[in-house]
file start-v3.pdb (PDB, C-alpha atoms)
ATOM      1  CA  MET O   1    -110.451  67.916 128.163  1.00  0.00           C
ATOM      2  CA  ALA O   2    -111.686  64.328 128.173  1.00  0.00           C
ATOM      3  CA  VAL O   3    -110.494  60.786 128.683  1.00  0.00           C
ATOM      4  CA  LEU O   4    -111.728  58.746 125.723  1.00  0.00           C
ATOM      5  CA  GLU O   5    -112.537  55.032 125.529  1.00  0.00           C
ATOM      6  CA  ILE O   6    -109.658  52.953 124.169  1.00  0.00           C
ATOM      7  CA  LEU O   7    -110.741  50.191 121.794  1.00  0.00           C
ATOM      8  CA  GLU O   8    -109.356  46.759 122.642  1.00  0.00           C
ATOM      9  CA  PHE O   9    -108.314  43.851 120.438  1.00  0.00           C
ATOM     10  CA  PRO O  10    -110.120  42.123 118.730  1.00  0.00           C
ATOM     11  CA  ASP O  11    -112.476  45.111 118.131  1.00  0.00           C
ATOM     12  CA  PRO O  12    -112.826  45.326 114.321  1.00  0.00           C
ATOM     13  CA  ARG O  13    -112.707  49.154 114.418  1.00  0.00           C
ATOM     14  CA  LEU O  14    -108.984  48.834 115.193  1.00  0.00           C
ATOM     15  CA  ARG O  15    -108.578  47.512 111.623  1.00  0.00           C
ATOM     16  CA  THR O  16    -109.908  50.714 110.022  1.00  0.00           C
ATOM     17  CA  LYS O  17    -107.325  52.628 107.997  1.00  0.00           C
ATOM     18  CA  ALA O  18    -107.074  56.246 109.100  1.00  0.00           C
ATOM     19  CA  LYS O  19    -107.574  59.067 106.620  1.00  0.00           C
ATOM     20  CA  PRO O  20    -105.173  62.005 106.329  1.00  0.00           C
ATOM     21  CA  VAL O  21    -106.062  65.147 108.240  1.00  0.00           C
ATOM     22  CA  THR O  22    -106.980  67.838 105.705  1.00  0.00           C
ATOM     23  CA  ASP O  23    -107.028  70.815 108.071  1.00  0.00           C
ATOM     24  CA  VAL O  24    -105.190  71.133 111.384  1.00  0.00           C
ATOM     25  CA  ASP O  25    -107.835  73.179 113.169  1.00  0.00           C
ATOM     26  CA  ASP O  26    -109.303  73.507 116.673  1.00  0.00           C
ATOM     27  CA  ARG O  27    -111.166  70.194 116.259  1.00  0.00           C
ATOM     28  CA  ILE O  28    -107.850  68.392 115.680  1.00  0.00           C
ATOM     29  CA  ARG O  29    -106.136  70.307 118.505  1.00  0.00           C
ATOM     30  CA  ASN O  30    -108.994  69.283 120.853  1.00  0.00           C
ATOM     31  CA  LEU O  31    -108.612  65.678 119.699  1.00  0.00           C
ATOM     32  CA  VAL O  32    -104.870  65.893 120.434  1.00  0.00           C
ATOM     33  CA  ALA O  33    -105.567  67.233 123.947  1.00  0.00           C
ATOM     34  CA  ASP O  34    -108.122  64.460 124.591  1.00  0.00           C
ATOM     35  CA  MET O  35    -105.680  61.857 123.299  1.00  0.00           C
ATOM     36  CA  PHE O  36    -102.952  63.078 125.671  1.00  0.00           C
ATOM     37  CA  ASP O  37    -105.439  62.968 128.583  1.00  0.00           C
ATOM     38  CA  THR O  38    -106.430  59.434 127.573  1.00  0.00           C
ATOM     39  CA  MET O  39    -102.847  58.224 127.105  1.00  0.00           C
ATOM     40  CA  TYR O  40    -101.671  59.659 130.430  1.00  0.00           C
ATOM     41  CA  ALA O  41    -104.699  58.221 132.281  1.00  0.00           C
ATOM     42  CA  ALA O  42    -104.176  54.720 130.839  1.00  0.00           C
ATOM     43  CA  PRO O  43    -101.109  55.118 131.448  1.00  0.00           C
ATOM     44  CA  GLY O  44     -99.212  54.759 128.185  1.00  0.00           C
ATOM     45  CA  ILE O  45     -96.439  56.320 126.123  1.00  0.00           C
ATOM     46  CA  GLY O  46     -98.181  56.466 122.743  1.00  0.00           C
ATOM     47  CA  LEU O  47    -101.679  56.587 121.308  1.00  0.00           C
ATOM     48  CA  ALA O  48    -103.068  56.655 117.782  1.00  0.00           C
ATOM     49  CA  ALA O  49    -106.449  58.216 116.997  1.00  0.00           C
ATOM     50  CA  THR O  50    -107.617  54.842 115.638  1.00  0.00           C
ATOM     51  CA  GLN O  51    -107.392  53.456 119.179  1.00  0.00           C
ATOM     52  CA  VAL O  52    -110.027  55.960 120.351  1.00  0.00           C
ATOM     53  CA  ASN O  53    -112.263  55.280 117.324  1.00  0.00           C
ATOM     54  CA  VAL O  54    -111.257  58.405 115.396  1.00  0.00           C
ATOM     55  CA  HIS O  55    -110.004  57.318 112.009  1.00  0.00           C
ATOM     56  CA  GLU O  56    -107.726  60.215 111.158  1.00  0.00           C
ATOM     57  CA  GLN O  57    -103.926  60.202 111.032  1.00  0.00           C
ATOM     58  CA  VAL O  58    -103.079  61.614 114.457  1.00  0.00           C
ATOM     59  CA  ILE O  59    -100.547  60.203 116.944  1.00  0.00           C
ATOM     60  CA  VAL O  60     -99.471  61.445 120.369  1.00  0.00           C
ATOM     61  CA  ILE O  61     -96.355  60.245 122.195  1.00  0.00           C
ATOM     62  CA  ASP O  62     -94.609  61.107 125.443  1.00  0.00           C
ATOM     63  CA  LEU O  63     -91.840  58.812 126.646  1.00  0.00           C
ATOM     64  CA  THR O  64     -91.123  60.774 129.837  1.00  0.00           C
ATOM     65  CA  GLU O  65     -92.386  59.789 133.278  1.00  0.00           C
ATOM     66  CA  ASP O  66     -93.082  63.413 134.194  1.00  0.00           C
ATOM     67  CA  ARG O  67     -95.078  64.066 130.981  1.00  0.00           C
ATOM     68  CA  SER O  68     -92.654  66.798 129.948  1.00  0.00           C
ATOM     69  CA  GLN O  69     -92.077  65.936 126.268  1.00  0.00           C
ATOM     70  CA  PRO O  70     -95.433  65.557 124.521  1.00  0.00           C
ATOM     71  CA  MET O  71     -95.048  64.989 120.778  1.00  0.00           C
ATOM     72  CA  VAL O  72     -97.713  65.176 118.086  1.00  0.00           C
ATOM     73  CA  PHE O  73     -97.504  63.561 114.656  1.00  0.00           C
ATOM     74  CA  ILE O  74    -100.262  64.404 112.175  1.00  0.00           C
ATOM     75  CA  ASN O  75    -100.247  62.601 108.797  1.00  0.00           C
ATOM     76  CA  PRO O  76     -96.955  60.863 109.660  1.00  0.00           C
ATOM     77  CA  GLU O  77     -94.921  59.295 106.883  1.00  0.00           C
ATOM     78  CA  ILE O  78     -92.073  56.950 107.636  1.00  0.00           C
ATOM     79  CA  THR O  79     -89.044  56.037 105.544  1.00  0.00           C
ATOM     80  CA  VAL O  80     -86.839  53.097 106.523  1.00  0.00           C
ATOM     81  CA  LEU O  81     -83.181  54.162 106.307  1.00  0.00           C
ATOM     82  CA  GLY O  82     -81.394  50.835 106.644  1.00  0.00           C
ATOM     83  CA  ASP O  83     -81.742  47.069 106.613  1.00  0.00           C
ATOM     84  CA  GLU O  84     -80.995  46.570 110.301  1.00  0.00           C
ATOM     85  CA  THR O  85     -83.811  45.443 112.595  1.00  0.00           C
ATOM     86  CA  ALA O  86     -83.943  44.811 116.318  1.00  0.00           C
ATOM     87  CA  ASP O  87     -86.409  43.140 118.647  1.00  0.00           C
ATOM     88  CA  TYR O  88     -88.109  45.342 121.174  1.00  0.00           C
ATOM     89  CA  GLU O  89     -90.582  44.213 123.822  1.00  0.00           C
ATOM     90  CA  GLU O  90     -93.837  45.923 122.813  1.00  0.00           C
ATOM     91  CA  GLY O  91     -97.088  46.387 124.625  1.00  0.00           C
ATOM     92  CA  CYS O  92    -100.236  48.227 123.619  1.00  0.00           C
ATOM     93  CA  LEU O  93    -103.107  50.021 125.316  1.00  0.00           C
ATOM     94  CA  SER O  94    -105.423  48.177 122.903  1.00  0.00           C
ATOM     95  CA  VAL O  95    -103.947  44.800 123.931  1.00  0.00           C
ATOM     96  CA  PRO O  96    -103.835  45.273 127.705  1.00  0.00           C
ATOM     97  CA  GLY O  97    -101.689  43.001 129.816  1.00  0.00           C
ATOM     98  CA  TYR O  98     -99.535  41.573 127.031  1.00  0.00           C
ATOM     99  CA  THR O  99     -96.035  42.293 125.793  1.00  0.00           C
ATOM    100  CA  GLU O 100     -94.118  40.439 123.099  1.00  0.00           C
ATOM    101  CA  PRO O 101     -90.889  41.041 121.184  1.00  0.00           C
ATOM    102  CA  VAL O 102     -91.386  42.614 117.756  1.00  0.00           C
ATOM    103  CA  ALA O 103     -88.646  43.123 115.157  1.00  0.00           C
ATOM    104  CA  ARG O 104     -88.632  46.622 113.661  1.00  0.00           C
ATOM    105  CA  PRO O 105     -86.207  48.693 111.578  1.00  0.00           C
ATOM    106  CA  THR O 106     -83.700  50.503 113.787  1.00  0.00           C
ATOM    107  CA  GLN O 107     -83.246  53.522 111.511  1.00  0.00           C
ATOM    108  CA  VAL O 108     -86.193  55.482 110.173  1.00  0.00           C
ATOM    109  CA  LYS O 109     -87.023  59.023 109.135  1.00  0.00           C
ATOM    110  CA  VAL O 110     -90.400  60.500 110.018  1.00  0.00           C
ATOM    111  CA  LYS O 111     -92.110  63.423 108.320  1.00  0.00           C
ATOM    112  CA  ALA O 112     -95.301  64.824 109.865  1.00  0.00           C
ATOM    113  CA  LEU O 113     -97.237  67.922 110.863  1.00  0.00           C
ATOM    114  CA  ASN O 114     -97.352  69.262 114.416  1.00  0.00           C
ATOM    115  CA  GLU O 115    -100.498  70.556 116.154  1.00  0.00           C
ATOM    116  CA  GLN O 116    -100.006  73.961 114.495  1.00  0.00           C
ATOM    117  CA  GLY O 117    -100.013  72.327 111.063  1.00  0.00           C
ATOM    118  CA  GLU O 118     -96.281  72.932 110.565  1.00  0.00           C
ATOM    119  CA  SER O 119     -94.264  70.279 108.760  1.00  0.00           C
ATOM    120  CA  PHE O 120     -91.240  68.716 110.464  1.00  0.00           C
ATOM    121  CA  GLU O 121     -88.869  65.805 109.986  1.00  0.00           C
ATOM    122  CA  MET O 122     -86.887  63.778 112.478  1.00  0.00           C
ATOM    123  CA  ILE O 123     -84.739  60.680 112.688  1.00  0.00           C
ATOM    124  CA  PRO O 124     -85.849  59.071 115.964  1.00  0.00           C
ATOM    125  CA  GLU O 125     -83.788  56.484 117.798  1.00  0.00           C
ATOM    126  CA  ASP O 126     -84.382  53.607 120.198  1.00  0.00           C
ATOM    127  CA  LEU O 127     -87.740  53.582 122.008  1.00  0.00           C
ATOM    128  CA  LEU O 128     -89.041  56.658 120.166  1.00  0.00           C
ATOM    129  CA  ALA O 129     -88.402  55.019 116.783  1.00  0.00           C
ATOM    130  CA  VAL O 130     -90.201  51.855 117.920  1.00  0.00           C
ATOM    131  CA  CYS O 131     -93.114  53.815 119.376  1.00  0.00           C
ATOM    132  CA  ILE O 132     -93.625  55.882 116.219  1.00  0.00           C
ATOM    133  CA  GLN O 133     -93.599  52.741 114.050  1.00  0.00           C
ATOM    134  CA  HIS O 134     -96.045  51.024 116.426  1.00  0.00           C
ATOM    135  CA  GLU O 135     -98.468  53.969 116.336  1.00  0.00           C
ATOM    136  CA  ILE O 136     -98.221  54.370 112.552  1.00  0.00           C
ATOM    137  CA  ASP O 137     -99.178  50.693 112.310  1.00  0.00           C
ATOM    138  CA  HIS O 138    -102.387  51.562 114.185  1.00  0.00           C
ATOM    139  CA  LEU O 139    -103.201  54.214 111.585  1.00  0.00           C
ATOM    140  CA  GLN O 140    -102.883  51.483 108.950  1.00  0.00           C
ATOM    141  CA  GLY O 141    -105.186  49.104 110.835  1.00  0.00           C
ATOM    142  CA  LYS O 142    -102.353  46.936 112.116  1.00  0.00           C
ATOM    143  CA  LEU O 143    -101.594  45.795 115.680  1.00  0.00           C
ATOM    144  CA  PHE O 144     -98.394  44.498 117.225  1.00  0.00           C
ATOM    145  CA  VAL O 145    -100.060  41.081 117.615  1.00  0.00           C
ATOM    146  CA  ASP O 146    -100.048  40.854 113.801  1.00  0.00           C
ATOM    147  CA  TYR O 147     -96.270  40.343 114.037  1.00  0.00           C
ATOM    148  CA  LEU O 148     -96.743  37.295 116.280  1.00  0.00           C
ATOM    149  CA  SER O 149     -97.357  33.699 115.304  1.00  0.00           C
ATOM    150  CA  PRO O 150    -100.997  32.839 114.579  1.00  0.00           C
ATOM    151  CA  LEU O 151    -101.025  30.641 117.704  1.00  0.00           C
ATOM    152  CA  LYS O 152     -99.808  33.420 120.032  1.00  0.00           C
ATOM    153  CA  ARG O 153    -102.197  35.927 118.440  1.00  0.00           C
ATOM    154  CA  GLN O 154    -105.159  33.549 118.881  1.00  0.00           C
ATOM    155  CA  ARG O 155    -104.252  32.857 122.523  1.00  0.00           C
ATOM    156  CA  ILE O 156    -104.155  36.586 123.288  1.00  0.00           C
ATOM    157  CA  ARG O 157    -107.428  37.121 121.395  1.00  0.00           C
ATOM    158  CA  SER O 158    -109.165  34.306 123.299  1.00  0.00           C
ATOM    159  CA  LYS O 159    -107.989  35.580 126.679  1.00  0.00           C
ATOM    160  CA  LEU O 160    -109.075  39.155 125.946  1.00  0.00           C
ATOM    161  CA  GLU O 161    -112.458  37.999 124.595  1.00  0.00           C
ATOM    162  CA  LYS O 162    -112.973  35.978 127.787  1.00  0.00           C
ATOM    163  CA  ALA O 163    -111.985  38.976 129.930  1.00  0.00           C
ATOM    164  CA  HIS O 164    -114.484  41.151 128.032  1.00  0.00           C
ATOM    165  CA  ARG O 165    -117.274  38.582 128.575  1.00  0.00           C
ATOM    166  CA  VAL O 166    -116.500  38.307 132.282  1.00  0.00           C
ATOM    167  CA  GLY O 167    -116.257  42.087 132.657  1.00  0.00           C
ATOM    168  CA  ALA O 168    -119.464  42.803 130.702  1.00  0.00           C
TER     169      ALA O 168
END
call {"tool": "encode", "arguments": {"input": "start-v3.pdb", "output": "structure tokens"}}
result
Amino acid sequence: MAVLEILEFPDPRLRTKAKPVTDVDDRIRNLVADMFDTMYAAPGIGLAATQVNVHEQVIVIDLTEDRSQPMVFINPEITVLGDETADYEEGCLSVPGYTEPVARPTQVKVKALNEQGESFEMIPEDLLAVCIQHEIDHLQGKLFVDYLSPLKRQRIRSKLEKAHRVGA
């Protein structure tokens, strides 16, 4: 498979809302395989198709160090189950080198399709719940920096823009 280019903030393509996948076919399964290759090479624990400039609702996640629990979420839908939120230190492959605390709901239910096109539901906990919410945000054109103060977001943007200019 292939390692794809990961778009980095403030690239405007990261703000594109992903469209639902209409047919889980070999093209989508190849995209999933490429996304896992890309995520593992980065290295990361989650990746949304938007981050590799494919604007379809596909997410891959693997929280294990040995890459033994790959999970695929196609057309994910999330339902918040309670009012409780918790801060979790988040980072992002599209915002390299930065982590910040983000408050997210602690209890959610996720409904999605797997890579065979089969529907499933789950109630994730802890890091998995945070990761799924983070990746679904990407599909909606939202980044974790959007939860930060305008000042913090602008500082991160300026530093990444400078790094891109120096690296170009």
call {"tool": "closest_residue", "arguments": {"input": "start-v3.pdb", "among": "O:Glu115, O:Thr16, O:Glu90, O:Gly141", "to": "Leu31 of chain O", "atoms": "all atoms listed in the file"}}
result
O:Glu115
call {"tool": "closest_residue", "arguments": {"input": "start-v3.pdb", "among": "O:Arg104, O:Lys142, O:Arg155, O:Lys111", "to": "Pro12 of chain O", "atoms": "all atoms listed in the file"}}
result
O:Lys142
call {"tool": "resolve_selection", "arguments": {"input": "start-v3.pdb", "expression": "the PyMOL selection byres ((chain O and resi 61) around 9)", "output": "list of chain:residue names"}}
result
O:Phe36, O:Met39, O:Gly44, O:Ile45, O:Gly46, O:Leu47, O:Ala48, O:Ile59, O:Val60, O:Asp62, O:Leu63, O:Gln69, O:Pro70, O:Met71, O:Val72, O:Phe73, O:Leu128, O:Cys131, O:Ile132, O:Glu135
call {"tool": "closest_residue", "arguments": {"input": "start-v3.pdb", "among": "O:Asn30, O:Ser149, O:Asn53, O:Ser119", "to": "Glu5 of chain O", "atoms": "only C-alpha atoms"}}
result
O:Asn53
call {"tool": "atom_distance", "arguments": {"input": "start-v3.pdb", "atom1": "atom CA of Gln116 of chain O", "atom2": "atom CA of Val32 of chain O"}}
result
11.1 Å
call {"tool": "closest_residue", "arguments": {"input": "start-v3.pdb", "among": "O:Glu77, O:Glu118, O:Asp83, O:Asp37", "to": "Val24 of chain O", "atoms": "all atoms listed in the file"}}
result
O:Glu118
call {"tool": "closest_residue", "arguments": {"input": "start-v3.pdb", "among": "O:Ile74, O:Val21, O:Leu4, O:Ile28", "to": "Ala42 of chain O", "atoms": "all atoms listed in the file"}}
result
O:Leu4
